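Student: Sharing a structure below in structure tokens format, with a few things to ask.
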Amino acid sequence: MSDTSGYDEAPEEDIELGVAPEHAEIPSIKREFQRWHHPRKQWVRIQQWCSASRQLIKELNLPSGEPFRYLTLPGDELLDIRALSDVCVRENVKLRFLGFNSVGPQTPAQIELNISQNEVRSHAAVDNLSRVLEKRLETIANGQSQEFRAAQDLGPFHAINIDLCDSIAFRDVDDKKGSGLSVLAKLLELQLATNRPWLLFITTLAQPDLLSARNQAGFMEAIKANTAVSDEFKTELAGLISTSTDELDARLREAWKQQDPDFLRLFCTGLGKWLLRVLGPTQPSRSLTLLDSCYYRVGSQGPNMLSLVFRCDTQAQRLVDRDGILQAGADGTHEGNFSEVELAISLARKLSASSDLDGLIAQDAALAMKLIGQAGRLMAAARFDAAAYEAWATDELAKFKAPAAAPATVTA
């Protein structure tokens, strides 16, 4: 997890979060807010998405003229794109984004999307090939679709942001309405075209009643593949879901049924292990590392929303000298693929530090005010009334109190 105690020193705090745009005819100032406008979402944008993207941009040292390529579900106001654009300005790279947003024709949402696109395209960092397709992301699962071809043309991507309001694991891959995991698998196939590191952001509801039996069984198979061969992973997993190794099997059966942080960690472990097992056998082999994770509450159930940051790396390819010329005493063996077990242990350890975001903000008044201020500037750039937003956000944060021993709860 990020060291949230160092938030004041985080390089992202001074990002210029958009400037109020100029319009020949000023659109109406907006005063209605949604759950994704909550201050905690600003924490996700800055501490997770922008922070990880900035670090990767610095590491890649992109050649002059090569943009940072980003696939996203940006919403009507393109808030994530606005924030990331300012990161790219600071790092002197262009941002080329491909977004998916299934707004209906001639709807207020489409009008807002069109205005927002005009605004962000005028940003100094935004590449002129950037665009938002007015389609559902599920269309990309069809490899013959125009949407998948658009992703091929603009990809592979340096960062993919699957920011969902529902569950990525609710529907099976053969569901006619589409499946979040089938979309994810198609994007992973597309990303095999690059050997450079890239980022995967996943925001998803995680609830027992929004996890299909088939997907749960698949997650469990991925988990059992490591518990069967690694006592260390078994111990880490038991600690994640508040039990002992002796009671692990029984606790696993129960943990899938209860809406609590143990379920969230188990869901993350299953999803992460499944991704590891999908990527590991590729040639060359890929690894997946969890960089950051947090959870919070939406609706009336317990903490049920996850925000995850993964990084994918590719195994370096090396020559194999079976005859001992390059290395004395060569026995024909060479460094193998990433260790799935070691990656799984690392995943479990990182998940043990997952942040209760509601509780974090409830206990830190200075952080809460900072997030409201940052989000207010970003919202003002998207033509929201900053004063109305501050009042709304302050009221939202006042709906819950800092926890004593139990995890914090909040109404979205």
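Numbering starts fresh at 1 for the residues of each chain in the structure tokens, the chains themselves are lettered A, B, ... in the order given, and ligands are numbered from 1 as they appear.
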Name all residues at most 6 Å from stretch 383-387 of chain A (count only C-alpha atoms; drop same-chain ones fewer than 5 positions away) and give them as a PDB file with C-alpha atoms, in the first residue's frame.
Tutor:
```pdb
ATOM      1  CA  ILE A  29     -23.036  25.218 -14.072  1.00  0.00           C
ATOM      2  CA  LYS A  30     -23.785  21.780 -12.633  1.00  0.00           C
ATOM      3  CA  ARG A  31     -24.771  21.148  -9.037  1.00  0.00           C
ATOM      4  CA  GLY A 376     -13.308  20.708  -6.289  1.00  0.00           C
TER       5      GLY A 376
END
```
Student: Need the shell around stretch 61-72 of chain A: protein/DNA/RNA residues with any atom at most 7 Å away, counting only C-alpha atoms. Skip same-chain ones fewer than 3 positions apart. Format as a ChimeraX atom specification?
Tutor: /A:57-58,93-100,155,157-162
Student: Measuring between only C-alpha atoms, which one of A:Ala125, A:Leu184, A:Ile115, A:Val278 shows the shortest distance to A:Ala141?
Tutor: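 Nearest candidate to A:Ala141 out of A:Ala125, A:Leu184, A:Ile115, A:Val278: A:Leu184.
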Student: To test your reading of the structure, identify every residue in stretch 31-91 of chain A that backbone DSSP assigns to strand (DSSP E or B), and report it as JSON, numbers by chain.
Tutor: {"A": [68, 69, 70, 71, 72]}
Student: Go ahead and write the selection's residues with N, CA and C atoms as an mmCIF file, in the first residue's frame.
Tutor:
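So part07.cif came out as:
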```cif
data_model
loop_
_atom_site.group_PDB
_atom_site.id
_atom_site.type_symbol
_atom_site.label_atom_id
_atom_site.label_comp_id
_atom_site.auth_asym_id
_atom_site.auth_seq_id
_atom_site.Cartn_x
_atom_site.Cartn_y
_atom_site.Cartn_z
ATOM 1 N N PHE A 68 1.978 8.470 -24.159
ATOM 2 C CA PHE A 68 1.548 7.524 -23.135
ATOM 3 C C PHE A 68 0.160 7.064 -23.531
ATOM 4 N N ARG A 69 0.009 5.777 -23.819
ATOM 5 C CA ARG A 69 -1.241 5.251 -24.382
ATOM 6 C C ARG A 69 -2.101 4.670 -23.257
ATOM 7 N N TYR A 70 -3.366 5.064 -23.252
ATOM 8 C CA TYR A 70 -4.235 4.839 -22.091
ATOM 9 C C TYR A 70 -5.627 4.447 -22.552
ATOM 10 N N LEU A 71 -6.113 3.283 -22.095
ATOM 11 C CA LEU A 71 -7.476 2.832 -22.382
ATOM 12 C C LEU A 71 -8.294 2.993 -21.115
ATOM 13 N N THR A 72 -9.512 3.542 -21.241
ATOM 14 C CA THR A 72 -10.255 3.910 -20.046
ATOM 15 C C THR A 72 -11.760 3.878 -20.262
#
```
Student: Give me the residues near A:Lys177 as a list of chain:residue names, where near means some atom within 10 Å (using only C-alpha atoms) and where sequence neighbours in that chain fewer than 5 positions away do not count.
Tutor: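 Listing them by chain and then by number gives A:Glu138, A:Thr139, A:Arg171, A:Asp172.
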Student: Using only C-alpha atoms, which residues sit within 12 Å of A:Leu211 once same-chain residues fewer than 4 positions away are excluded, as a list in words?
Tutor: Asp166, Ser167, Ile168, Ala169, Phe170, Arg171, Asp172, Ser179, Gly180, Leu181, Thr204, Leu205, Ala206, Gln207, Asn215, Gln216, Ala217, Gly218, Phe219, Trp256, Lys257, Gln259, Phe263, Leu264, Phe267, Gly270 and Leu271 of chain A
Student: Under the rule that only C-alpha atoms are counted, which of A:Gln374, A:Ser300, A:Gln106, A:Thr289 is the nearest residue to A:Leu199?
Tutor: A:Thr289
Student: When distances are computed from only C-alpha atoms, which of A:Arg322, A:Arg265, A:Arg131, A:Lys224 shows the smallest separation from A:Ser307?
Tutor: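 Smallest separation from A:Ser307 among the options: A:Arg265.
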Student: With only C-alpha atoms as the basis for distance, which of A:Ala222, A:Ala365, A:Ala193, A:Leu326 is at the shortest distance from A:Thr282?
Tutor: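 Residue with the minimum atom-to-atom distance to A:Thr282: A:Ala193.
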Student: Extract the full set of alpha helix (DSSP H) residues from stretch 128-163 of chain A according to DSSP on the backbone, and format it as a ChimeraX atom specification.
Tutor: /A:146-154
Student: Please measure the separation of atom CA of A:Ala366 and atom CA of A:Trp392, giving the value in Å to one decimal.
Tutor: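 Interatomic distance, atom CA of A:Ala366 to atom CA of A:Trp392: 17.3 Å.
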Student: Can you work out which one of A:Leu308, A:Ile111, A:Leu371, A:Ile140 has the shortest atom-to-atom distance to A:Glu189, counting only C-alpha atoms?
Tutor: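 Going through A:Leu308, A:Ile111, A:Leu371, A:Ile140 one by one, the smallest distance to A:Glu189 is for A:Ile140.
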Student: Compile the contact shell of A:Leu290 as a compact mmCIF listing (two decimals) with N, CA and C atoms, in the first residue's frame: residues with an atom at most 6 Å away, counting only C-alpha atoms, same-chain residues fewer than 6 positions apart removed.
Tutor:
```txt
# COMPACT_ATOMS: atom_id res chain seq x y z
N VAL A 309 -4.37 -1.75 -8.25
CA VAL A 309 -3.35 -1.32 -9.21
C VAL A 309 -2.38 -2.47 -9.41
N PHE A 310 -2.32 -3.01 -10.62
CA PHE A 310 -1.40 -4.08 -10.96
C PHE A 310 -0.35 -3.56 -11.96
N LEU A 347 1.57 -11.30 -3.69
CA LEU A 347 0.20 -10.78 -3.81
C LEU A 347 -0.51 -10.84 -2.47
```
Student: Please provide the set of residues having any atom within 6 Å of A:Leu306, restricted to only C-alpha atoms, with same-chain residues fewer than 4 positions apart removed, written as a list in words.
Tutor: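 Returned residues: Thr203, Thr204, Cys294 and Tyr295 of chain A.
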Student: Near A:Gly143, counting only C-alpha atoms, which residues have an atom at most 12 Å away, once you skip same-chain residues fewer than 4 positions from it, shown as a compact mmCIF listing (two decimals) with N, CA and C atoms, in the first residue's frame?
Tutor:
```
# COMPACT_ATOMS: atom_id res chain seq x y z
N GLU A 138 -17.77 -3.98 -23.48
CA GLU A 138 -17.95 -5.40 -23.81
C GLU A 138 -17.78 -5.68 -25.30
N THR A 139 -18.00 -4.68 -26.15
CA THR A 139 -17.86 -4.91 -27.59
C THR A 139 -16.44 -5.29 -27.97
N GLU A 147 -14.51 -1.89 -32.56
CA GLU A 147 -13.96 -1.40 -31.30
C GLU A 147 -12.64 -2.12 -30.96
N PHE A 148 -12.57 -3.44 -31.20
CA PHE A 148 -11.33 -4.14 -30.94
C PHE A 148 -10.24 -3.68 -31.90
N ARG A 149 -10.62 -3.45 -33.17
CA ARG A 149 -9.63 -2.96 -34.13
C ARG A 149 -9.12 -1.58 -33.73
N ALA A 150 -10.01 -0.76 -33.17
CA ALA A 150 -9.56 0.56 -32.69
C ALA A 150 -8.55 0.40 -31.56
N ALA A 151 -8.80 -0.57 -30.67
CA ALA A 151 -7.86 -0.83 -29.59
C ALA A 151 -6.53 -1.35 -30.13
N GLN A 152 -6.58 -2.18 -31.15
CA GLN A 152 -5.35 -2.65 -31.78
C GLN A 152 -4.57 -1.50 -32.40
N SER A 182 -14.18 -11.67 -19.67
CA SER A 182 -13.87 -11.93 -21.08
C SER A 182 -13.26 -10.69 -21.74
N VAL A 183 -13.76 -9.51 -21.36
CA VAL A 183 -13.16 -8.27 -21.85
C VAL A 183 -11.72 -8.17 -21.38
N ALA A 185 -9.70 -10.55 -20.53
CA ALA A 185 -8.88 -11.54 -21.24
C ALA A 185 -8.51 -11.05 -22.63
N LYS A 186 -9.46 -10.42 -23.33
CA LYS A 186 -9.17 -9.91 -24.67
C LYS A 186 -8.14 -8.80 -24.63
N LEU A 187 -8.23 -7.96 -23.61
CA LEU A 187 -7.23 -6.89 -23.47
C LEU A 187 -5.86 -7.46 -23.13
N GLU A 189 -4.74 -10.32 -24.18
CA GLU A 189 -4.23 -10.81 -25.46
C GLU A 189 -3.62 -9.67 -26.27
N LEU A 190 -4.31 -8.55 -26.29
CA LEU A 190 -3.81 -7.39 -27.03
C LEU A 190 -2.47 -6.93 -26.46
```
Student: Just the number, please: distance in Å from atom CA of A:Met379 to atom CA of A:Leu56, one decimal.
Tutor: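 These two atoms are separated by 26.1 Å.
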